[in-house]
>>> print(open('protein_11.cif').read())   # mmCIF, C-alpha atoms and all ligand atoms
data_work
loop_
_atom_site.label_atom_id
_atom_site.label_comp_id
_atom_site.auth_asym_id
_atom_site.auth_seq_id
_atom_site.Cartn_x
_atom_site.Cartn_y
_atom_site.Cartn_z
CA MET A 45 93.63 228.02 -110.84
CA THR A 46 96.76 225.89 -111.17
CA ARG A 47 97.58 226.30 -114.85
CA GLN A 48 97.61 229.28 -117.16
CA ALA A 49 94.22 229.65 -118.88
CA PRO A 50 94.37 230.68 -122.54
CA ARG A 51 93.39 234.32 -123.13
CA ARG A 52 90.58 233.19 -125.45
CA PHE A 53 88.72 230.01 -124.59
CA ASP A 54 89.01 227.70 -127.61
CA LEU A 55 87.74 224.19 -128.26
CA ARG A 56 90.89 223.27 -130.18
CA GLY A 57 94.43 222.49 -129.09
CA TRP A 58 93.88 221.15 -125.56
CA SER A 59 96.85 219.49 -123.84
CA ALA A 60 96.53 215.97 -122.41
CA GLU A 61 96.76 217.46 -118.91
CA ASP A 62 93.91 219.93 -119.51
CA LEU A 63 91.75 217.26 -121.15
CA ALA A 64 92.22 215.07 -118.10
CA ASN A 65 91.10 217.94 -115.86
CA PRO A 66 89.42 220.89 -117.62
CA TYR A 67 87.90 222.21 -114.38
CA PRO A 68 90.61 224.71 -113.33
CA ILE A 69 90.27 226.38 -116.73
CA TYR A 70 86.48 226.59 -116.41
CA ARG A 71 86.89 228.02 -112.94
CA HIS A 72 89.13 230.78 -114.24
CA TYR A 73 86.49 231.93 -116.76
CA ARG A 74 83.59 231.41 -114.35
CA GLU A 75 85.30 233.81 -111.94
CA THR A 76 86.81 236.34 -114.35
CA ASP A 77 84.74 236.42 -117.56
CA PRO A 78 81.64 234.22 -117.20
CA VAL A 79 80.11 235.16 -120.58
CA HIS A 80 83.23 235.04 -122.68
CA LEU A 81 83.80 235.93 -126.33
CA GLY A 82 85.84 233.13 -127.91
CA PRO A 83 87.59 233.18 -131.28
CA ALA A 84 85.33 233.84 -134.29
CA ASN A 85 84.65 230.85 -136.54
CA ALA A 86 85.87 230.53 -140.16
CA SER A 87 82.95 232.59 -141.48
CA GLY A 88 83.64 235.37 -138.96
CA THR A 89 80.63 234.63 -136.71
CA ASN A 90 81.15 235.28 -133.00
CA THR A 91 81.19 232.33 -130.60
CA TRP A 92 80.36 233.00 -126.93
CA PHE A 93 80.89 230.69 -123.95
CA ALA A 94 78.78 230.73 -120.76
CA PHE A 95 80.37 229.24 -117.64
CA ARG A 96 77.99 229.96 -114.74
CA TYR A 97 75.15 227.69 -113.67
CA ASP A 98 72.43 230.36 -113.69
CA ASP A 99 73.43 231.65 -117.17
CA VAL A 100 73.61 228.14 -118.62
CA THR A 101 70.23 227.11 -117.24
CA SER A 102 68.51 230.39 -118.16
CA VAL A 103 69.72 230.16 -121.79
CA LEU A 104 68.62 226.52 -122.06
CA SER A 105 65.14 227.53 -120.90
CA ASN A 106 64.97 230.55 -123.22
CA ARG A 107 63.36 229.95 -126.60
CA CYS A 108 65.18 232.95 -128.08
CA PHE A 109 68.18 230.62 -128.20
CA GLY A 110 67.59 227.60 -130.43
CA ARG A 111 68.90 225.63 -133.35
CA GLY A 112 67.48 227.51 -136.32
CA ASP A 113 68.96 224.96 -138.75
CA THR A 114 72.39 226.41 -138.13
CA GLN A 115 74.20 223.86 -136.02
CA PHE A 116 74.71 220.99 -138.44
CA SER A 117 74.73 223.14 -141.59
CA SER A 118 77.62 225.15 -140.17
CA VAL A 119 79.80 222.06 -139.85
CA VAL A 120 78.67 219.49 -142.44
CA PRO A 121 79.76 220.37 -146.00
CA THR A 122 76.99 220.62 -148.62
CA GLU A 123 78.44 217.80 -150.74
CA CYS A 124 77.78 215.29 -147.91
CA ALA A 125 74.14 214.79 -148.93
CA ALA A 126 73.45 211.56 -146.99
CA LEU A 127 75.08 212.89 -143.83
CA ARG A 128 73.10 216.14 -144.03
CA ARG A 129 69.85 214.28 -144.66
CA ILE A 130 70.38 212.21 -141.51
CA VAL A 131 71.69 214.89 -139.19
CA SER A 132 69.15 217.53 -140.24
CA ASN A 133 66.43 215.17 -138.96
CA TRP A 134 67.97 214.57 -135.54
CA LEU A 135 65.75 215.55 -132.67
CA VAL A 136 68.60 217.33 -130.92
CA PHE A 137 69.02 219.72 -133.88
CA LEU A 138 65.31 220.55 -134.33
CA ASP A 139 63.27 223.47 -133.06
CA PRO A 140 59.52 223.33 -132.33
CA PRO A 141 57.11 222.46 -133.86
CA ARG A 142 59.02 219.63 -135.62
CA HIS A 143 60.92 218.89 -132.42
CA THR A 144 57.68 218.64 -130.41
CA ARG A 145 56.06 216.23 -132.88
CA LEU A 146 59.05 213.90 -133.15
CA ARG A 147 59.85 213.95 -129.43
CA SER A 148 56.27 213.08 -128.46
CA LEU A 149 56.53 209.88 -130.55
CA LEU A 150 59.55 208.74 -128.54
CA THR A 151 58.94 210.00 -125.01
CA ARG A 152 56.95 207.00 -123.81
CA GLU A 153 59.55 204.50 -125.03
CA PHE A 154 62.22 206.09 -122.84
CA SER A 155 60.08 206.66 -119.76
CA PRO A 156 61.33 205.40 -116.38
CA GLN A 157 58.54 202.77 -116.43
CA VAL A 158 59.71 201.30 -119.75
CA VAL A 159 63.32 201.44 -118.59
CA THR A 160 62.33 199.42 -115.49
CA THR A 161 61.24 196.58 -117.77
CA LEU A 162 64.64 196.68 -119.49
CA ARG A 163 66.66 196.41 -116.28
CA PRO A 164 66.90 192.58 -116.20
CA ARG A 165 68.37 192.56 -119.73
CA VAL A 166 70.82 195.34 -118.85
CA ALA A 167 71.85 193.36 -115.74
CA ALA A 168 72.36 190.18 -117.78
CA ILE A 169 74.61 192.02 -120.27
CA ALA A 170 76.59 193.70 -117.46
CA ARG A 171 77.02 190.36 -115.68
CA GLU A 172 78.25 188.65 -118.83
CA LEU A 173 80.84 191.39 -119.49
CA ALA A 174 82.05 191.55 -115.88
CA THR A 175 82.36 187.74 -115.70
CA ALA A 176 84.54 187.76 -118.82
CA MET A 177 86.85 190.32 -117.18
CA ALA A 178 87.11 188.68 -113.78
CA SER A 179 89.82 186.16 -114.73
CA SER A 180 92.24 188.67 -116.37
CA PRO A 181 94.80 190.36 -114.11
CA THR A 182 94.62 193.59 -116.17
CA VAL A 183 91.67 195.04 -118.08
CA ASP A 184 90.90 198.05 -120.24
CA LEU A 185 87.66 199.14 -118.68
CA VAL A 186 86.63 201.11 -121.79
CA ALA A 187 87.11 198.31 -124.35
CA ASP A 188 86.06 195.45 -122.08
CA PHE A 189 83.04 196.91 -120.32
CA ALA A 190 82.06 200.57 -120.72
CA ALA A 191 81.88 200.54 -124.54
CA PRO A 192 80.17 197.17 -125.14
CA LEU A 193 77.47 197.58 -122.46
CA PRO A 194 75.59 200.59 -123.96
CA ILE A 195 75.91 199.46 -127.57
CA LEU A 196 74.54 196.02 -126.69
CA VAL A 197 71.63 197.68 -124.86
CA ILE A 198 70.84 199.92 -127.84
CA CYS A 199 70.97 196.94 -130.23
CA GLU A 200 68.49 195.18 -127.98
CA LEU A 201 66.23 198.23 -127.78
CA LEU A 202 66.22 198.77 -131.53
CA GLY A 203 65.89 195.03 -132.15
CA VAL A 204 68.98 194.62 -134.36
CA PRO A 205 71.37 191.63 -134.14
CA ARG A 206 74.01 191.94 -131.40
CA GLN A 207 76.70 190.62 -133.79
CA ASP A 208 76.31 193.88 -135.76
CA ARG A 209 77.38 195.95 -132.74
CA ILE A 210 81.04 196.47 -133.62
CA TRP A 211 80.20 197.62 -137.16
CA LEU A 212 77.32 199.81 -135.90
CA ARG A 213 79.52 201.43 -133.28
CA LYS A 214 82.27 202.20 -135.76
CA GLN A 215 79.86 203.73 -138.28
CA ALA A 216 77.99 205.70 -135.63
CA MET A 217 81.23 207.12 -134.16
CA SER A 218 82.50 208.31 -137.51
CA LEU A 219 79.17 209.93 -138.33
CA GLN A 220 78.78 211.59 -134.96
CA GLN A 221 82.33 212.93 -134.86
CA ALA A 222 81.92 214.57 -138.27
CA SER A 223 78.44 215.97 -137.51
CA SER A 224 79.68 217.66 -134.34
CA GLY A 225 82.76 219.06 -136.10
CA ARG A 226 85.13 216.83 -134.10
CA SER A 227 86.66 215.05 -137.08
CA GLY A 228 87.24 216.49 -140.51
CA ASN A 229 86.84 213.08 -142.10
CA TYR A 230 83.65 213.87 -144.01
CA ALA A 231 84.27 211.32 -146.78
CA GLU A 232 84.30 208.50 -144.22
CA ALA A 233 81.27 209.97 -142.42
CA GLU A 234 79.35 210.28 -145.71
CA THR A 235 80.05 206.59 -146.46
CA ALA A 236 78.92 205.69 -142.91
CA ALA A 237 75.72 207.74 -143.42
CA CYS A 238 74.93 205.91 -146.69
CA GLU A 239 75.63 202.50 -145.15
CA LEU A 240 73.64 203.18 -141.99
CA SER A 241 70.69 204.49 -144.05
CA ASP A 242 70.71 201.29 -146.14
CA TYR A 243 71.04 199.16 -143.01
CA PHE A 244 68.06 200.75 -141.23
CA ARG A 245 65.98 200.84 -144.43
CA ARG A 246 66.39 197.06 -144.65
CA GLU A 247 65.45 196.74 -140.95
CA VAL A 248 62.30 198.83 -141.60
CA GLN A 249 61.31 196.61 -144.54
CA ARG A 250 61.87 193.55 -142.37
CA ARG A 251 59.45 194.95 -139.72
CA ARG A 252 56.82 195.44 -142.42
CA ARG A 253 57.14 191.78 -143.49
CA GLU A 254 57.36 190.27 -139.97
CA PRO A 255 55.81 192.37 -137.19
CA ARG A 256 58.02 192.67 -134.09
CA GLU A 257 57.96 194.42 -130.71
CA ASP A 258 61.00 196.66 -130.75
CA LEU A 259 61.68 200.37 -131.13
CA ILE A 260 62.08 200.26 -134.92
CA ALA A 261 58.77 198.37 -135.19
CA LEU A 262 57.11 201.01 -133.03
CA LEU A 263 58.37 203.84 -135.25
CA VAL A 264 57.29 201.94 -138.38
CA ARG A 265 53.78 201.54 -136.95
CA ALA A 266 53.67 205.25 -136.00
CA LYS A 267 54.63 206.14 -139.54
CA ASP A 268 52.32 203.70 -141.29
CA ARG A 269 49.32 204.52 -139.08
CA GLY A 270 49.26 208.27 -138.92
CA GLY A 271 51.88 209.31 -141.45
CA SER A 272 53.25 211.57 -138.72
CA LEU A 273 56.81 210.58 -139.54
CA THR A 274 58.56 210.87 -142.89
CA ASP A 275 60.84 208.11 -144.24
CA ASP A 276 63.89 210.31 -143.69
CA GLU A 277 62.84 211.06 -140.10
CA LEU A 278 62.34 207.37 -139.38
CA ILE A 279 65.82 206.39 -140.61
CA ALA A 280 67.47 209.43 -139.01
CA THR A 281 65.82 208.68 -135.65
CA CYS A 282 67.21 205.11 -135.63
CA VAL A 283 70.70 206.48 -136.34
CA HIS A 284 70.27 209.23 -133.74
CA LEU A 285 69.37 206.79 -130.97
CA LEU A 286 72.34 204.67 -131.92
CA THR A 287 74.78 207.60 -131.78
CA ALA A 288 73.29 209.55 -128.85
CA GLY A 289 73.04 206.54 -126.59
CA HIS A 290 76.39 204.87 -126.55
CA GLU A 291 79.46 207.13 -126.47
CA THR A 292 77.93 209.27 -123.72
CA THR A 293 77.07 206.27 -121.54
CA THR A 294 80.46 204.68 -122.20
CA ASN A 295 82.12 207.85 -120.94
CA LEU A 296 79.87 208.09 -117.90
CA ILE A 297 80.67 204.51 -116.85
CA SER A 298 84.44 204.91 -117.37
CA LYS A 299 84.67 208.31 -115.67
CA SER A 300 82.52 207.09 -112.77
CA VAL A 301 84.82 204.12 -112.16
CA LEU A 302 87.82 206.44 -112.32
CA ALA A 303 86.29 208.94 -109.88
CA LEU A 304 85.24 206.22 -107.43
CA LEU A 305 88.65 204.51 -107.46
CA ARG A 306 90.18 207.92 -106.74
CA THR A 307 87.84 208.51 -103.79
CA PRO A 308 88.00 205.22 -101.87
CA GLU A 309 85.95 206.58 -98.96
CA VAL A 310 82.97 207.19 -101.29
CA LEU A 311 83.44 203.78 -102.91
CA GLY A 312 83.56 202.21 -99.44
CA GLU A 313 80.29 203.91 -98.51
CA LEU A 314 78.70 202.64 -101.73
CA ARG A 315 79.91 199.09 -101.16
CA ALA A 316 78.34 199.18 -97.71
CA ASN A 317 75.14 200.82 -98.99
CA PRO A 318 74.49 199.75 -102.61
CA GLU A 319 71.04 201.39 -102.42
CA LEU A 320 72.92 204.72 -102.66
CA MET A 321 74.02 203.91 -106.23
CA PRO A 322 71.26 206.00 -107.93
CA VAL A 323 72.31 209.02 -105.82
CA ALA A 324 75.96 208.32 -106.68
CA VAL A 325 75.26 208.14 -110.42
CA ASP A 326 73.65 211.58 -110.41
CA GLU A 327 76.52 212.98 -108.39
CA LEU A 328 79.05 211.46 -110.82
CA ILE A 329 77.21 213.05 -113.77
CA ARG A 330 77.38 216.38 -111.97
CA TYR A 331 81.03 215.95 -111.02
CA ASP A 332 82.35 215.00 -114.46
CA PRO A 333 79.66 215.06 -117.17
CA PRO A 334 80.23 213.13 -120.41
CA VAL A 335 78.74 215.99 -122.45
CA GLN A 336 80.75 219.01 -121.32
CA MET A 337 79.11 221.57 -123.62
CA VAL A 338 76.00 222.11 -125.74
CA THR A 339 75.42 224.79 -128.35
CA ARG A 340 72.62 227.22 -129.12
CA TRP A 341 72.24 230.04 -131.64
CA ALA A 342 70.66 233.40 -130.86
CA GLN A 343 67.39 233.68 -132.79
CA ARG A 344 67.17 237.38 -131.79
CA ASP A 345 69.50 239.95 -130.27
CA GLN A 346 69.90 239.13 -126.57
CA VAL A 347 71.76 240.46 -123.53
CA LEU A 348 73.36 237.95 -121.16
CA ARG A 349 75.13 239.20 -118.04
CA GLY A 350 75.62 242.57 -119.74
CA ARG A 351 77.11 241.11 -122.94
CA SER A 352 75.27 241.73 -126.23
CA ILE A 353 74.77 238.56 -128.22
CA HIS A 354 73.48 239.27 -131.70
CA ARG A 355 71.06 237.27 -133.79
CA GLY A 356 72.87 234.41 -135.58
CA GLU A 357 75.74 234.25 -133.06
CA LYS A 358 76.71 231.01 -131.41
CA LEU A 359 76.61 230.40 -127.67
CA VAL A 360 78.34 227.39 -126.12
CA LEU A 361 76.95 226.45 -122.70
CA VAL A 362 79.65 224.80 -120.64
CA LEU A 363 77.70 222.21 -118.63
CA GLY A 364 80.92 220.90 -117.04
CA SER A 365 81.57 224.36 -115.59
CA ALA A 366 77.95 225.01 -114.53
CA ASN A 367 77.98 221.73 -112.58
CA ARG A 368 81.04 222.93 -110.60
CA ASP A 369 79.60 226.36 -109.84
CA PRO A 370 79.69 226.96 -106.05
CA LEU A 371 76.30 228.65 -106.44
CA LEU A 372 74.88 225.23 -107.41
CA CYS A 373 76.29 223.34 -104.43
CA PRO A 374 78.93 223.56 -101.70
CA ASP A 375 82.31 221.82 -102.30
CA PRO A 376 81.62 221.44 -106.01
CA ASP A 377 85.02 219.83 -106.68
CA VAL A 378 84.29 216.96 -104.29
CA VAL A 379 82.20 213.79 -104.90
CA ARG A 380 79.58 213.60 -102.12
CA LEU A 381 76.66 211.27 -101.60
CA ASP A 382 74.54 213.72 -99.60
CA ARG A 383 73.44 216.13 -102.33
CA ARG A 384 69.67 216.05 -102.38
CA PRO A 385 68.33 217.45 -104.59
CA ASN A 386 71.16 217.35 -107.10
CA ARG A 387 70.19 219.94 -109.68
CA HIS A 388 73.06 219.32 -112.11
CA CYS A 389 72.64 220.01 -115.82
CA GLY A 390 74.61 217.01 -117.11
CA PHE A 391 71.61 215.82 -119.14
CA GLY A 392 70.77 219.30 -120.40
CA ILE A 393 67.75 221.42 -119.42
CA GLY A 394 64.54 222.41 -121.18
CA ILE A 395 62.96 220.96 -124.31
CA HIS A 396 66.11 219.07 -125.37
CA HIS A 397 66.64 217.46 -121.94
CA CYS A 398 68.17 214.05 -122.61
CA LEU A 399 65.57 211.60 -123.86
CA GLY A 400 67.66 208.64 -122.70
CA SER A 401 68.49 209.90 -119.19
CA ALA A 402 66.54 207.17 -117.37
CA LEU A 403 68.17 204.51 -119.52
CA ALA A 404 71.67 205.97 -119.07
CA ARG A 405 71.18 206.16 -115.30
CA ALA A 406 69.96 202.55 -115.17
CA GLU A 407 72.84 201.25 -117.30
CA THR A 408 75.43 203.05 -115.18
CA GLU A 409 73.88 202.10 -111.87
CA ILE A 410 73.53 198.42 -112.82
CA GLY A 411 76.93 198.38 -114.55
CA LEU A 412 78.82 199.86 -111.57
CA ASN A 413 77.11 197.57 -109.05
CA GLU A 414 77.92 194.51 -111.13
CA LEU A 415 81.50 195.60 -111.72
CA PHE A 416 82.34 196.30 -108.08
CA ARG A 417 80.55 193.12 -106.96
CA GLN A 418 82.34 190.78 -109.37
CA LEU A 419 85.72 192.56 -109.30
CA PRO A 420 86.17 193.65 -105.68
CA GLY A 421 89.95 194.02 -106.14
CA LEU A 422 89.66 196.51 -109.01
CA HIS A 423 92.25 199.26 -108.71
CA LEU A 424 94.15 201.88 -110.65
CA THR A 425 97.51 201.18 -112.30
CA ASP A 426 100.33 203.76 -112.40
CA GLU A 427 99.35 205.11 -115.83
CA PRO A 428 95.68 204.25 -115.91
CA VAL A 429 94.03 206.70 -118.21
CA GLN A 430 94.35 208.33 -121.58
CA PHE A 431 91.66 210.85 -122.51
CA ALA A 432 90.28 211.17 -126.05
CA PRO A 433 91.28 214.47 -127.72
CA ASP A 434 87.81 215.95 -127.31
CA VAL A 435 86.63 218.33 -124.62
CA VAL A 436 82.94 218.28 -125.67
CA PHE A 437 82.16 214.54 -125.66
CA HIS A 438 84.60 213.95 -122.87
CA GLY A 439 86.03 210.66 -121.66
CA PRO A 440 88.92 208.21 -121.66
CA GLU A 441 90.02 206.29 -124.72
CA ARG A 442 91.63 203.76 -122.43
CA LEU A 443 91.36 203.03 -118.69
CA THR A 444 93.76 200.30 -117.56
CA LEU A 445 92.93 198.67 -114.24
CA THR A 446 94.18 195.64 -112.35
CA THR A 447 91.63 193.20 -111.02
CA CYS A 448 93.86 191.31 -108.54
CA ALA A 449 92.59 188.13 -110.25
CA GLY A 450 94.44 185.09 -109.04
CA GLY A 451 95.98 186.83 -106.08
C1 LIG A 501 69.96 214.94 -125.52
C2 LIG A 501 73.48 213.88 -122.38
C3 LIG A 501 72.52 209.13 -122.87
C4 LIG A 501 69.34 210.16 -126.35
C5 LIG A 501 70.96 215.05 -124.60
C6 LIG A 501 71.49 216.30 -124.09
C7 LIG A 501 72.48 216.01 -123.23
C8 LIG A 501 72.59 214.57 -123.17
C9 LIG A 501 73.36 216.99 -122.45
C10 LIG A 501 70.99 217.71 -124.44
C11 LIG A 501 71.62 218.23 -125.71
C12 LIG A 501 71.30 219.69 -125.94
O1 LIG A 501 70.61 220.34 -125.15
O2 LIG A 501 71.80 220.22 -126.95
C13 LIG A 501 73.52 212.50 -122.26
C14 LIG A 501 74.39 211.82 -121.34
C15 LIG A 501 74.11 210.48 -121.48
C16 LIG A 501 73.08 210.34 -122.48
C17 LIG A 501 75.39 212.48 -120.40
C18 LIG A 501 74.72 209.30 -120.79
C19 LIG A 501 75.32 209.36 -119.65
C20 LIG A 501 71.53 209.00 -123.81
C21 LIG A 501 70.91 207.74 -124.21
C22 LIG A 501 70.04 208.04 -125.21
C23 LIG A 501 70.08 209.48 -125.42
C24 LIG A 501 71.21 206.38 -123.56
C25 LIG A 501 69.11 207.14 -125.98
C26 LIG A 501 69.26 205.89 -126.25
C27 LIG A 501 69.27 211.54 -126.43
C28 LIG A 501 68.43 212.23 -127.39
C29 LIG A 501 68.60 213.60 -127.15
C30 LIG A 501 69.54 213.73 -126.05
C31 LIG A 501 67.53 211.58 -128.45
C32 LIG A 501 67.92 214.76 -127.87
C33 LIG A 501 66.68 215.14 -127.12
C34 LIG A 501 65.97 216.31 -127.73
O3 LIG A 501 66.58 217.08 -128.48
O4 LIG A 501 64.77 216.47 -127.45
N1 LIG A 501 71.64 214.00 -124.01
N2 LIG A 501 72.76 211.59 -122.94
N3 LIG A 501 71.00 210.03 -124.55
N4 LIG A 501 69.92 212.46 -125.64
FE1 LIG A 501 71.25 212.02 -124.22
#
>>> encode(input="protein_11.cif", output="structure tokens")
Amino acid sequence: MTRQAPRRFDLRGWSAEDLANPYPIYRHYRETDPVHLGPANASGTNTWFAFRYDDVTSVLSNRCFGRGDTQFSSVVPTECAALRRIVSNWLVFLDPPRHTRLRSLLTREFSPQVVTTLRPRVAAIARELATAMASSPTVDLVADFAAPLPILVICELLGVPRQDRIWLRKQAMSLQQASSGRSGNYAEAETAACELSDYFRREVQRRRREPREDLIALLVRAKDRGGSLTDDELIATCVHLLTAGHETTTNLISKSVLALLRTPEVLGELRANPELMPVAVDELIRYDPPVQMVTRWAQRDQVLRGRSIHRGEKLVLVLGSANRDPLLCPDPDVVRLDRRPNRHCGFGIGIHHCLGSALARAETEIGLNELFRQLPGLHLTDEPVQFAPDVVFHGPERLTLTTCAGG
């Protein structure tokens, strides 16, 4: 522990230094108060935080902790009707049996086999972006590579025009930040929800006029054939895939580049053995996960490590801390390429385990290989990184690197 940890762990008011490295703070709580009572929320409900790997994984596998309709309704105001209609239909906020039905419609489309067929397109996009960067002496890795790659892949997957990507990204960010309580700009998020609903409704109608082979077409067929999907679920699922799939992957790519440039011996090993990239990507997700925390609500009174958590109370599972628990692996604060198996929880655990994990892994693996191949001189500047003011969806807003182009 290098810095003073706050007496109560709070998601607000983090300094730039702590955002850049939250791990000493997690370590403090993991060692001193692993199931910690944080400050109560505005309505007086208790919020707990779990920091140890075995507590985090046992809660995520325990159906007594779920969503129970509480997560989004506790943050999104009732007057934001369009936003609530979308977010209340997101897979990640549903409990069984609705969760099971909706997830089973999507599972096949995100399987490793389907992702394998997407790899050439992902590689072509990564190559195009890296080529564009190669002639500039300085680049912002976030704006020039890590942000455009995942949004272009999602556009391709959904079958929407790539020229819409900047607008889609902006709308999706504003909606996601409000739905997770990160921004209080609900008016902007409500407008984004209305505009995204209209956008995807038009895309659905287009698929009904001209059959296509993309993810929206697949969902339209599932709905029209069996009626197993409502109109609201169909639109909300398109928006969910758009939001869930890009910011997280952007952050994984940027934080992976940062970690590798800071550990040149690991980067050297990867350059010599590119076949180790899949192992490296999992290790980088463990080391610095883009989603640092997920939330559950107690559906019944429960006891966790001797602490009584009552029905209706909120429990935040700190994945970033669990992944650095020495009980998970030796030397948890070090990036190593010899962790097999690597049982990190960076993609979550249990029924909500990340649907897009195979896609995110492929994008990062292909993206990093392409980047280090085309820009072998890539290195950190003196002031390379500025982290976004968010400890949950965690990553840099900017990552300035020099490419050594032209010299
Ligand atoms: C769920 C992380 C990329 C779609 C999750 C969860 C985590 C996560 C931790 C579990 C949430 C919870 O338990 O509350 C990540 C990370 C990614 C990534 C770190 C990138 C590095 C993607 C991509 C997609 C995607 C590319 C799709 C295009 C989803 C969906 C869920 C989910 C739909 C909800 C699954 C369910 O509730 O059954 N993700 N994700 N994710 N992710 Fe990802």
>>> residues_around(input="protein_11.cif", residues="stretch 156-163 of chain A", least_positions_apart="2", cutoff="8 Å", atoms="only C-alpha atoms", output="ChimeraX atom specification")
/A:152-154,165-167,402-403,406-407,410
>>> closest_atom_pairs(input="protein_11.cif", of="chain A", to="ligand LIG 501 (chain A)", cutoff="7 Å", atoms="all atoms listed in the file", output="tab-separated table")
residue	atom	partner	partner_atom	distance
A:Leu135	CA	A:LIG501	O3	4.5
A:Val136	CA	A:LIG501	O3	3.2
A:Phe137	CA	A:LIG501	O3	6.5
A:Leu138	CA	A:LIG501	O3	6.9
A:His143	CA	A:LIG501	O4	6.7
A:Arg147	CA	A:LIG501	O4	5.9
A:Ile198	CA	A:LIG501	C26	6.4
A:His284	CA	A:LIG501	C31	6.4
A:Leu285	CA	A:LIG501	C26	4.8
A:Leu286	CA	A:LIG501	C26	6.6
A:Ala288	CA	A:LIG501	C23	4.7
A:Gly289	CA	A:LIG501	C21	3.4
A:His290	CA	A:LIG501	C24	6.2
A:Thr292	CA	A:LIG501	C18	4.3
A:Thr293	CA	A:LIG501	C18	3.9
A:Leu296	CA	A:LIG501	C19	5.0
A:Ile329	CA	A:LIG501	C17	6.9
A:Pro333	CA	A:LIG501	C17	5.9
A:Pro334	CA	A:LIG501	C17	4.9
A:Val335	CA	A:LIG501	C17	5.3
A:Val338	CA	A:LIG501	O2	4.8
A:Thr339	CA	A:LIG501	O2	6.0
A:Gly390	CA	A:LIG501	C9	5.5
A:Phe391	CA	A:LIG501	C9	3.9
A:Gly392	CA	A:LIG501	C9	4.0
A:Ile393	CA	A:LIG501	O1	6.5
A:Ile395	CA	A:LIG501	O4	5.8
A:His396	CA	A:LIG501	O4	3.6
A:His397	CA	A:LIG501	C10	5.0
A:Cys398	CA	A:LIG501	C1	3.5
A:Leu399	CA	A:LIG501	C27	4.5
A:Gly400	CA	A:LIG501	C22	3.5
A:Ser401	CA	A:LIG501	C3	5.5
A:Leu403	CA	A:LIG501	C24	5.4
A:Ala404	CA	A:LIG501	C24	4.5
A:Arg405	CA	A:LIG501	C19	6.8
>>> atom_distance(input="protein_11.cif", atom1="atom CA of A:Phe189", atom2="atom CA of A:Ala174")
7.0 Å
>>> closest_residue(input="protein_11.cif", among="A:Leu201, A:Val103, A:Leu445, A:Cys389", to="A:Val429", atoms="all atoms listed in the file")
A:Leu445
>>> atom_distance(input="protein_11.cif", atom1="atom CA of A:Pro374", atom2="atom CA of A:Pro428")
29.2 Å
>>> atom_distance(input="protein_11.cif", atom1="atom CA of A:Asp98", atom2="atom CA of A:Ala366")
7.7 Å
>>> closest_residue(input="protein_11.cif", among="A:Arg349, A:Arg129, A:Arg142, A:Lys299", to="A:Val79", atoms="only C-alpha atoms")
A:Arg349
>>> residues_around(input="protein_11.cif", residues="stretch 243-257 of chain A", least_positions_apart="2", cutoff="10 Å", atoms="all atoms listed in the file", output="JSON, numbers by chain")
{"A": [201, 202, 203, 204, 212, 237, 238, 239, 240, 241, 259, 260, 261, 262, 263, 264, 265, 268, 275, 276, 278, 279, 280, 281, 282, 283]}
>>> closest_residue(input="protein_11.cif", among="A:Ile195, A:Leu81, A:Ala324, A:Leu146", to="A:Met217", atoms="only C-alpha atoms")
A:Ile195
>>> closest_residue(input="protein_11.cif", among="A:Asp99, A:Arg107, A:Asn65, A:His438", to="A:Asp139", atoms="only C-alpha atoms")
A:Arg107
>>> closest_residue(input="protein_11.cif", among="A:Arg417, A:Arg209, A:Arg387, A:Arg306", to="A:Ala178", atoms="only C-alpha atoms")
A:Arg417
>>> closest_residue(input="protein_11.cif", among="A:Val435, A:His354, A:Asp332, A:Pro420", to="A:Pro376", atoms="only C-alpha atoms")
A:Asp332
>>> residues_around(input="protein_11.cif", residues="stretch 49-56 of chain A", least_positions_apart="3", cutoff="10 Å", atoms="all atoms listed in the file", output="JSON, numbers by chain")
{"A": [45, 46, 59, 62, 68, 69, 70, 71, 72, 73, 80, 81, 82, 83, 84, 91, 92, 93, 226, 433, 434, 435, 436]}
>>> residues_near_point(input="protein_11.cif", point="(96.1, 190.4, -115.5)", cutoff="8 Å", atoms="all atoms listed in the file", output="count of residues only")
9
>>> residues_around(input="protein_11.cif", residues="stretch 118-125 of chain A", least_positions_apart="6", cutoff="12 Å", atoms="only C-alpha atoms", output="VMD selection string")
chain A and resid 85 to 89 111 to 112 131 to 132 137 219 to 238 241 341 356 to 358
>>> residues_around(input="protein_11.cif", residues="A:Arg384", least_positions_apart="2", cutoff="12 Å", atoms="all atoms listed in the file", output="PyMOL selection string")
chain A and resi 320+322-324+326-327+372-374+380-382+386-388
>>> write_last_selection(input="protein_11.cif", atoms="C-alpha atoms", output="mmCIF file, keeping the file's coordinate frame")
data_model
loop_
_atom_site.group_PDB
_atom_site.id
_atom_site.type_symbol
_atom_site.label_atom_id
_atom_site.label_comp_id
_atom_site.auth_asym_id
_atom_site.auth_seq_id
_atom_site.Cartn_x
_atom_site.Cartn_y
_atom_site.Cartn_z
ATOM 1 C CA LEU A 320 72.920 204.720 -102.660
ATOM 2 C CA PRO A 322 71.260 206.000 -107.930
ATOM 3 C CA VAL A 323 72.310 209.020 -105.820
ATOM 4 C CA ALA A 324 75.960 208.320 -106.680
ATOM 5 C CA ASP A 326 73.650 211.580 -110.410
ATOM 6 C CA GLU A 327 76.520 212.980 -108.390
ATOM 7 C CA LEU A 372 74.880 225.230 -107.410
ATOM 8 C CA CYS A 373 76.290 223.340 -104.430
ATOM 9 C CA PRO A 374 78.930 223.560 -101.700
ATOM 10 C CA ARG A 380 79.580 213.600 -102.120
ATOM 11 C CA LEU A 381 76.660 211.270 -101.600
ATOM 12 C CA ASP A 382 74.540 213.720 -99.600
ATOM 13 C CA ASN A 386 71.160 217.350 -107.100
ATOM 14 C CA ARG A 387 70.190 219.940 -109.680
ATOM 15 C CA HIS A 388 73.060 219.320 -112.110
#
